[in-house]
>>> print(open('coords.cif').read())   # mmCIF, C-alpha atoms
data_model
#
loop_
_atom_site.label_atom_id
_atom_site.label_comp_id
_atom_site.auth_asym_id
_atom_site.auth_seq_id
_atom_site.Cartn_x
_atom_site.Cartn_y
_atom_site.Cartn_z
CA MET A 243 -104.55 -38.29 11.89
CA LYS A 244 -105.51 -34.70 11.06
CA ARG A 245 -103.40 -33.39 13.95
CA LYS A 246 -100.41 -35.39 12.71
CA ILE A 247 -100.76 -33.93 9.21
CA ILE A 248 -100.94 -30.40 10.61
CA THR A 249 -97.90 -30.99 12.84
CA THR A 250 -95.94 -32.39 9.89
CA ALA A 251 -96.87 -29.39 7.75
CA ILE A 252 -95.85 -26.94 10.51
CA ASN A 253 -92.51 -28.68 11.05
CA HIS A 254 -91.87 -28.66 7.29
CA TRP A 255 -92.56 -24.91 7.11
CA ARG A 256 -90.24 -24.30 10.07
CA ARG A 257 -87.45 -26.21 8.34
CA ILE A 258 -87.96 -24.14 5.20
CA LYS A 259 -87.74 -20.92 7.23
CA ARG A 260 -84.59 -22.14 8.94
CA GLU A 261 -82.96 -23.19 5.65
CA ARG A 262 -83.80 -19.86 4.04
CA TRP A 263 -82.31 -17.95 6.95
CA LEU A 264 -79.10 -20.00 6.92
CA LYS A 265 -78.75 -19.46 3.18
CA ARG A 266 -78.99 -15.70 3.68
CA LEU A 267 -76.60 -15.81 6.60
CA ARG A 268 -73.95 -17.78 4.73
CA LYS A 269 -74.22 -15.52 1.70
CA LYS A 270 -73.34 -12.50 3.87
CA ASN A 271 -70.21 -14.11 5.30
CA GLN A 272 -67.03 -13.09 3.48
CA ASN A 273 -64.55 -14.68 5.90
CA HIS A 274 -64.11 -18.40 5.33
CA SER A 275 -60.92 -19.12 7.28
CA PHE A 276 -61.54 -17.40 10.61
CA SER A 277 -60.51 -18.87 13.96
CA LEU A 278 -63.10 -17.94 16.57
CA ILE A 279 -62.10 -18.39 20.20
CA SER A 280 -65.07 -18.37 22.58
CA ASN A 281 -65.68 -19.25 26.20
CA ASP A 282 -68.69 -21.46 25.49
CA CYS A 283 -70.78 -23.11 22.76
CA VAL A 284 -71.59 -19.84 20.97
CA GLY A 285 -68.47 -20.10 18.81
CA GLY A 286 -69.18 -23.64 17.68
CA VAL A 287 -72.78 -22.79 16.81
CA ILE A 288 -71.61 -19.86 14.68
CA TYR A 289 -69.27 -22.19 12.78
CA HIS A 290 -72.09 -24.70 12.33
CA ASP A 291 -74.67 -22.18 11.13
CA LEU A 292 -72.21 -20.65 8.65
CA GLY A 293 -71.22 -24.09 7.35
CA GLU A 294 -67.54 -23.39 8.01
CA GLN A 295 -64.78 -25.76 9.09
CA PHE A 296 -64.05 -25.70 12.82
CA ARG A 297 -60.76 -23.79 13.01
CA SER A 298 -60.88 -23.43 16.78
CA PRO A 299 -60.60 -25.89 19.67
CA THR A 300 -63.29 -24.08 21.69
CA VAL A 301 -66.21 -26.01 20.20
CA ASN A 302 -68.79 -27.92 22.27
CA LEU A 303 -67.17 -26.92 25.56
CA TRP A 304 -66.86 -24.07 28.03
CA ILE A 305 -64.07 -22.35 29.97
CA PRO A 306 -64.75 -20.51 33.27
CA ASN A 307 -64.99 -16.72 33.20
CA SER A 308 -62.17 -16.47 35.73
CA GLN A 309 -59.77 -18.20 33.31
CA PHE A 310 -60.97 -17.24 29.84
CA LEU A 311 -58.98 -14.00 29.49
CA GLU A 312 -55.76 -15.71 30.58
CA PHE A 313 -56.41 -18.49 28.06
CA ALA A 314 -57.29 -16.11 25.22
CA GLN A 315 -54.32 -13.80 25.74
CA ASN A 316 -51.92 -16.73 25.84
CA LEU A 317 -53.64 -18.86 23.23
CA LYS A 318 -50.62 -20.23 21.39
CA TYR A 319 -48.93 -21.14 24.68
CA TYR A 320 -51.95 -22.99 26.08
CA LEU A 321 -52.58 -24.84 22.83
CA SER A 322 -49.05 -26.21 23.11
CA CYS A 323 -49.76 -27.67 26.57
CA GLU A 324 -51.20 -31.03 27.48
CA ILE A 325 -54.65 -31.48 29.00
CA LYS A 326 -55.09 -33.84 31.93
CA GLU A 327 -58.44 -35.42 32.74
CA THR A 328 -59.77 -34.05 36.04
CA PRO A 329 -63.17 -35.63 36.73
CA ASP A 330 -65.69 -33.58 38.69
CA ALA A 331 -68.34 -35.60 40.51
CA ALA A 332 -70.71 -32.61 40.35
CA LYS A 333 -70.68 -32.63 36.53
CA SER A 334 -72.19 -35.21 34.20
CA TYR A 335 -69.67 -34.57 31.41
CA PRO A 336 -65.89 -34.92 31.02
CA VAL A 337 -63.62 -32.24 32.47
CA GLY A 338 -59.94 -31.61 31.78
CA THR A 339 -57.28 -29.15 32.88
CA ILE A 340 -54.65 -27.54 30.66
CA ILE A 341 -51.42 -28.05 32.58
CA PRO A 342 -49.02 -25.10 32.20
CA LYS A 343 -45.37 -25.85 31.51
CA ASP A 344 -44.07 -23.16 33.86
CA ASP A 345 -45.01 -21.15 36.95
CA GLN A 346 -45.89 -18.02 34.98
CA HIS A 347 -49.23 -19.39 33.78
CA ILE A 348 -52.29 -20.82 35.53
CA PRO A 349 -54.10 -24.12 34.89
CA ILE A 350 -57.17 -23.75 32.64
CA GLU A 351 -60.29 -25.83 33.20
CA VAL A 352 -61.91 -27.19 30.04
CA ASN A 353 -65.45 -28.53 30.35
CA PHE A 354 -66.12 -30.94 27.46
CA MET A 355 -69.88 -30.77 28.01
CA HIS A 356 -70.93 -32.07 24.58
CA TYR A 357 -68.49 -34.97 24.28
CA PRO A 358 -69.12 -38.59 25.29
CA SER A 359 -65.69 -38.95 26.88
CA PHE A 360 -62.59 -36.98 27.80
CA GLU A 361 -60.62 -38.83 25.12
CA ALA A 362 -63.11 -37.82 22.41
CA GLY A 363 -63.07 -34.19 23.51
CA TYR A 364 -59.30 -33.99 23.77
CA GLU A 365 -58.83 -35.61 20.37
CA LYS A 366 -61.03 -32.94 18.76
CA TRP A 367 -59.23 -30.25 20.78
CA LYS A 368 -55.87 -31.29 19.31
CA GLU A 369 -57.24 -31.69 15.80
CA ARG A 370 -58.85 -28.25 15.77
CA SER A 371 -55.95 -26.55 17.56
CA ALA A 372 -53.77 -27.51 14.60
CA ARG A 373 -56.12 -25.57 12.28
CA VAL A 374 -55.99 -22.24 14.15
CA ASP A 375 -55.12 -19.33 11.87
CA TYR A 376 -53.27 -16.89 14.14
CA ASP A 377 -53.51 -14.21 11.44
CA ASN A 378 -57.31 -14.42 11.34
CA LEU A 379 -58.28 -14.60 15.00
CA TYR A 380 -61.52 -13.40 16.57
CA TYR A 381 -62.64 -13.63 20.20
CA ILE A 382 -66.16 -13.80 21.65
CA TRP A 383 -66.88 -13.73 25.37
CA HIS A 384 -70.47 -14.70 26.19
CA PHE A 385 -70.63 -13.11 29.63
CA PHE A 386 -73.28 -13.67 32.29
CA ASP A 387 -73.57 -11.47 35.37
CA ASP A 388 -70.43 -12.26 37.33
CA ASP A 389 -69.25 -9.45 39.57
CA ASP A 390 -66.06 -11.31 40.42
CA ASN A 391 -64.97 -11.20 36.76
CA THR A 392 -66.29 -7.86 35.53
CA GLU A 393 -62.81 -6.35 35.81
CA ARG A 394 -61.45 -9.14 33.61
CA LEU A 395 -64.19 -8.38 31.09
CA LYS A 396 -63.12 -4.72 31.09
CA LEU A 397 -59.53 -5.78 30.38
CA PHE A 398 -60.83 -7.95 27.54
CA ASP A 399 -62.76 -4.95 26.20
CA CYS A 400 -59.55 -2.88 26.13
CA TRP A 401 -57.49 -5.61 24.50
CA ASN A 402 -56.27 -4.60 21.04
CA VAL A 403 -57.65 -7.56 19.09
CA ARG A 404 -60.88 -8.33 17.21
CA LYS A 405 -63.18 -9.10 20.11
CA LEU A 406 -66.84 -8.96 21.06
CA SER A 407 -68.65 -9.42 24.35
CA ILE A 408 -72.20 -10.76 24.31
CA LEU A 409 -74.15 -9.51 27.32
CA HIS A 410 -77.69 -9.94 28.57
CA LYS A 411 -77.73 -6.36 29.82
CA PRO A 412 -75.36 -3.38 29.44
CA ILE A 413 -72.33 -3.22 31.74
CA SER A 414 -70.84 0.19 32.43
CA GLY A 415 -67.50 0.71 30.69
CA ILE A 416 -67.91 -2.14 28.18
CA ARG A 417 -68.03 -0.77 24.63
CA ASN A 418 -67.19 -3.68 22.28
CA CYS A 419 -70.36 -5.57 23.06
CA GLU A 420 -73.85 -6.46 21.92
CA VAL A 421 -76.83 -7.19 24.14
CA THR A 422 -79.35 -9.93 23.45
CA ASN A 423 -82.92 -9.69 24.70
CA CYS A 424 -83.65 -13.38 25.30
CA TYR A 425 -82.62 -13.23 28.96
CA ASN A 426 -85.25 -10.75 30.14
CA GLN A 427 -82.93 -9.75 32.98
CA ASN A 428 -82.66 -13.38 34.12
CA PRO A 429 -79.12 -14.69 33.56
CA HIS A 430 -80.33 -18.27 34.00
CA GLY A 431 -83.36 -17.96 31.74
CA GLY A 432 -81.73 -17.10 28.44
CA LYS A 433 -81.56 -19.66 25.67
CA ILE A 434 -79.40 -17.75 23.24
CA LEU A 435 -78.85 -20.77 20.99
CA ASP A 436 -82.54 -21.67 20.69
CA VAL A 437 -84.27 -21.25 17.34
CA VAL A 438 -87.32 -18.96 17.27
CA GLN A 439 -89.76 -21.07 15.28
CA LYS A 440 -91.67 -18.09 13.91
CA THR A 441 -88.60 -16.66 12.15
CA GLY A 442 -86.18 -19.57 11.79
CA LYS A 443 -83.50 -17.50 13.54
CA ARG A 444 -81.70 -18.13 16.81
CA TYR A 445 -81.73 -15.55 19.59
CA LEU A 446 -78.01 -15.42 18.84
CA ASP A 447 -78.90 -13.88 15.49
CA GLU A 448 -79.81 -10.67 17.32
CA ILE A 449 -76.03 -10.25 17.39
CA ASP A 450 -74.37 -9.01 14.20
CA TYR A 451 -71.60 -11.58 14.32
CA ILE A 452 -71.36 -11.59 10.52
CA GLY A 453 -70.37 -7.93 10.58
CA PHE A 454 -67.89 -8.77 13.34
CA LEU A 455 -66.29 -11.65 11.40
CA ASN A 456 -66.15 -9.64 8.19
CA ARG A 457 -64.16 -6.94 9.99
CA LYS A 458 -60.53 -7.21 8.94
CA GLY A 459 -59.00 -4.39 10.98
#
>>> encode(input="coords.cif", output="structure tokens")
Amino acid sequence: MKRKIITTAINHWRRIKRERWLKRLRKKNQNHSFSLISNDCVGGVIYHDLGEQFRSPTVNLWIPNSQFLEFAQNLKYYLSCEIKETPDAAKSYPVGTIIPKDDQHIPIEVNFMHYPSFEAGYEKWKERSARVDYDNLYYIWHFFDDDDNTERLKLFDCWNVRKLSILHKPISGIRNCEVTNCYNQNPHGGKILDVVQKTGKRYLDEIDYIGFLNRKG
């Protein structure tokens, strides 16, 4: 009984810490209509923690590194295309492919990893695509070590848009980036979205994404 009381008290204190941090975070944010395009769940978590409406289709899903730059640089085109369900027996979640309407673009794989079905994921994709504000766009690439796509990351870094790369260690030539320490040089060991119970913050909060989103130029 005593242990249960202590556990309840600790959990209550952790919730208070988390709520206090979120209140501070949301107070700092001055941009309430941004569209954040990301390659994985980082973007959706930022929306959630800031209490903002999802104005981006890239929520609760991930897009492969090899295809993200192509998708991002041709965003309006790809959001006008249909997505076809393409089940992958190696994955436990729904997978779809954006089917290009011409030969000048490549198919884009969309992994709906946090949706119960392809239909549910695609419905949210269409709903949120309609909300995109093309005059208030931001891009985040959460990049793991991937030698095959480092050159694409460098092209992303040179792209004249509001963009940020999140890395687990510095990569030569990449300037518009921030490095998070939660990986400890292990690209498979990082839990960037986890909450640190002692502080109420996520490891993601090592990144100044508020300063990034408040940047207008």
>>> residues_near_point(input="coords.cif", point="(-61.4, -20.3, 36.8)", cutoff="10 Å", atoms="all atoms listed in the file", output="PyMOL selection string")
chain A and resi 305-312+348-352+391
>>> resolve_selection(input="coords.cif", expression="the PyMOL selection byres ((chain A and resi 398) around 12)", output="ChimeraX atom specification")
/A:307-315,381-385,391-397,399-407,415-419
>>> residues_around(input="coords.cif", residues="A:Ser322", least_positions_apart="6", cutoff="10 Å", atoms="only C-alpha atoms", output="JSON, numbers by chain")
{"A": [340, 341, 342, 343, 368, 371, 372]}
>>> atom_distance(input="coords.cif", atom1="atom CA of A:Ala331", atom2="atom CA of A:Glu365")
22.3 Å
>>> atom_distance(input="coords.cif", atom1="atom CA of A:Gly338", atom2="atom CA of A:Ser277")
21.9 Å
>>> atom_distance(input="coords.cif", atom1="atom CA of A:Lys366", atom2="atom CA of A:Lys333")
20.2 Å
>>> closest_atom_pairs(input="coords.cif", of="stretch 351-449 of chain A", to="stretch 256-267 of chain A", cutoff="7 Å", atoms="all atoms listed in the file", output="tab-separated table")
residue	atom	partner	partner_atom	distance
A:Gln439	CA	A:Arg256	CA	6.1
A:Thr441	CA	A:Lys259	CA	6.6
A:Gly442	CA	A:Arg260	CA	4.2
A:Lys443	CA	A:Arg260	CA	6.6
>>> closest_residue(input="coords.cif", among="A:Glu420, A:Glu361, A:Asp344, A:Glu294", to="A:Lys326", atoms="all atoms listed in the file")
A:Glu361
>>> closest_residue(input="coords.cif", among="A:Asp291, A:Asp447, A:Asp388, A:Glu327", to="A:Lys269", atoms="all atoms listed in the file")
A:Asp291
>>> closest_residue(input="coords.cif", among="A:Tyr364, A:Phe386, A:Phe454, A:Trp255", to="A:Thr422", atoms="all atoms listed in the file")
A:Phe386
>>> resolve_selection(input="coords.cif", expression="the PyMOL selection byres ((chain A and resi 289) around 12)", output="short mmCIF file (atom, residue, chain, number, x, y, z; two decimals) with C-alpha atoms, in the coordinates of the input")
data_model
loop_
_atom_site.label_atom_id
_atom_site.label_comp_id
_atom_site.auth_asym_id
_atom_site.auth_seq_id
_atom_site.Cartn_x
_atom_site.Cartn_y
_atom_site.Cartn_z
CA LEU A 264 -79.10 -20.00 6.92
CA LEU A 267 -76.60 -15.81 6.60
CA ARG A 268 -73.95 -17.78 4.73
CA ASN A 271 -70.21 -14.11 5.30
CA ASN A 273 -64.55 -14.68 5.90
CA HIS A 274 -64.11 -18.40 5.33
CA SER A 275 -60.92 -19.12 7.28
CA PHE A 276 -61.54 -17.40 10.61
CA SER A 277 -60.51 -18.87 13.96
CA LEU A 278 -63.10 -17.94 16.57
CA ILE A 279 -62.10 -18.39 20.20
CA SER A 280 -65.07 -18.37 22.58
CA CYS A 283 -70.78 -23.11 22.76
CA VAL A 284 -71.59 -19.84 20.97
CA GLY A 285 -68.47 -20.10 18.81
CA GLY A 286 -69.18 -23.64 17.68
CA VAL A 287 -72.78 -22.79 16.81
CA ILE A 288 -71.61 -19.86 14.68
CA HIS A 290 -72.09 -24.70 12.33
CA ASP A 291 -74.67 -22.18 11.13
CA LEU A 292 -72.21 -20.65 8.65
CA GLY A 293 -71.22 -24.09 7.35
CA GLU A 294 -67.54 -23.39 8.01
CA GLN A 295 -64.78 -25.76 9.09
CA PHE A 296 -64.05 -25.70 12.82
CA ARG A 297 -60.76 -23.79 13.01
CA SER A 298 -60.88 -23.43 16.78
CA PRO A 299 -60.60 -25.89 19.67
CA THR A 300 -63.29 -24.08 21.69
CA VAL A 301 -66.21 -26.01 20.20
CA ASN A 302 -68.79 -27.92 22.27
CA TYR A 451 -71.60 -11.58 14.32
CA ILE A 452 -71.36 -11.59 10.52
CA LEU A 455 -66.29 -11.65 11.40
#
>>> residues_around(input="coords.cif", residues="A:Trp304", least_positions_apart="4", cutoff="6 Å", atoms="only C-alpha atoms", output="PyMOL selection string")
chain A and resi 281-282+353
